[in-house]
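A.B. asks: Just dropping this structure here.
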Amino acid sequence: MMRTMKLLFVSSLFLLLSATLVAQTKPWVVPANFKSMKNPIATSDVSIKAGQALYVKTCAACHGKTGIGDGPKAKSLKTTVGDFSKAVSQNQTDGEHFYKTKTGRGDMPKYEGKMSDEDIWNIVNYVRTLKK
Ligand code: HEC
């Protein structure tokens, strides 16, 4: 009985550890056609304003008001949400941001079907202003 308990305990610890490692190290591969996709909406005050309104309403809960990943919901997620103010995020192309927002993964919701492409591109333009 004790032996079984111990075994169960050790194996659940192992599972938890590997799940955490996978979540943090698995690169998010974006298909080449999305990576090189040109943002069809030129950045402008109008686009940034539209993007900001959507961002505050939809994304800030996890990504935080300033994009650093400190939204109130972020703490309860298994995955870290990243940091839009940093190079690691800003060095990605508009197409990469677009793809990740559209398709989602794990704790990151999929916005395809919930948000128009135009809305997503406006958000991408807004997220560019969060660079530090
Ligand atoms: C419920 C929480 C949550 C919400 C709401 C959310 N995200 Fe995310 N987001 C995440 C998580 C978690 C990740 C990290 C996913 C991963 O790496 O597997 C992420 C990752 C991303 C990434 C990739 C970041 C990088 O540096 O590679 C982008 C881009 C992104 N989100 C955009 C958005 C946009 C735009 C919105 C709003 C329309 C949004 N997210 C709403 C949780 C959220």
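Identifiers in this document derive from the order of the structure tokens: chains are assigned A, B, ..., residues are numbered from 1 separately in each chain, and ligands are numbered from 1 in order of occurrence.
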Ligand 1: which residues are within 9 Å, counting only C-alpha atoms and all ligand atoms, as JSON, numbers by chain?
C.D. replies: {"A": [23, 24, 25, 26, 27, 28, 51, 54, 55, 56, 57, 58, 59, 60, 61, 62, 63, 69, 71, 73, 74, 77, 78, 79, 80, 81, 82, 83, 84, 86, 87, 88, 89, 90, 91, 92, 94, 96, 97, 98, 99, 100, 101, 102, 104, 105, 106, 107, 108, 109, 110, 111, 115, 119, 120, 121, 123, 124, 127]}
A.B. asks: Output as a PyMOL selection string all residues of segment 25-109 of chain A that backbone DSSP marks as alpha helix (DSSP H).
C.D. replies: chain A and resi 25+32-35+45-54+60-63+87-90+94-103
A.B. asks: For Lys35 of chain A, which residue out of A:Thr4, A:Gly95, A:Gly64, A:Asp117 is the nearest one, using only C-alpha atoms?
C.D. replies: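 Between A:Thr4, A:Gly95, A:Gly64, A:Asp117, the residue approaching Lys35 of chain A most closely is A:Gly95.
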A.B. asks: Of the candidates A:Thr93, A:Ser116, A:Thr66, A:Asn33, which one gets nearest to Gln52 of chain A if we count only C-alpha atoms?
C.D. replies: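 The closest residue to Gln52 of chain A is A:Thr66.
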A.B. asks: With only C-alpha atoms as the atoms that count, which of A:Ile41, A:Val30, A:Met5, A:Ser36 lies nearest to Asn125 of chain A?
C.D. replies: A:Ile41
A.B. asks: Could you check the closest approach to Pro31 of chain A for each of A:Ser44, A:Arg128, A:Glu118, A:Thr103 and tell me which residue wins, using only C-alpha atoms?
C.D. replies: A:Thr103
A.B. asks: One decimal, in Å: what's the spacing between atom CA of Lys49 of chain A and atom CA of Lys65 of chain A?
C.D. replies: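 Separating atom CA of Lys49 of chain A from atom CA of Lys65 of chain A is a distance of 14.2 Å.
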A.B. asks: Just asking: which residues within chain A are strand (DSSP E or B) according to DSSP, as a count of residues only?
C.D. replies: 4
A.B. asks: By how many Å are atom CA of Leu130 of chain A and atom CA of Lys38 of chain A apart?
C.D. replies: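 Going from atom CA of Leu130 of chain A over to atom CA of Lys38 of chain A covers 19.9 Å.
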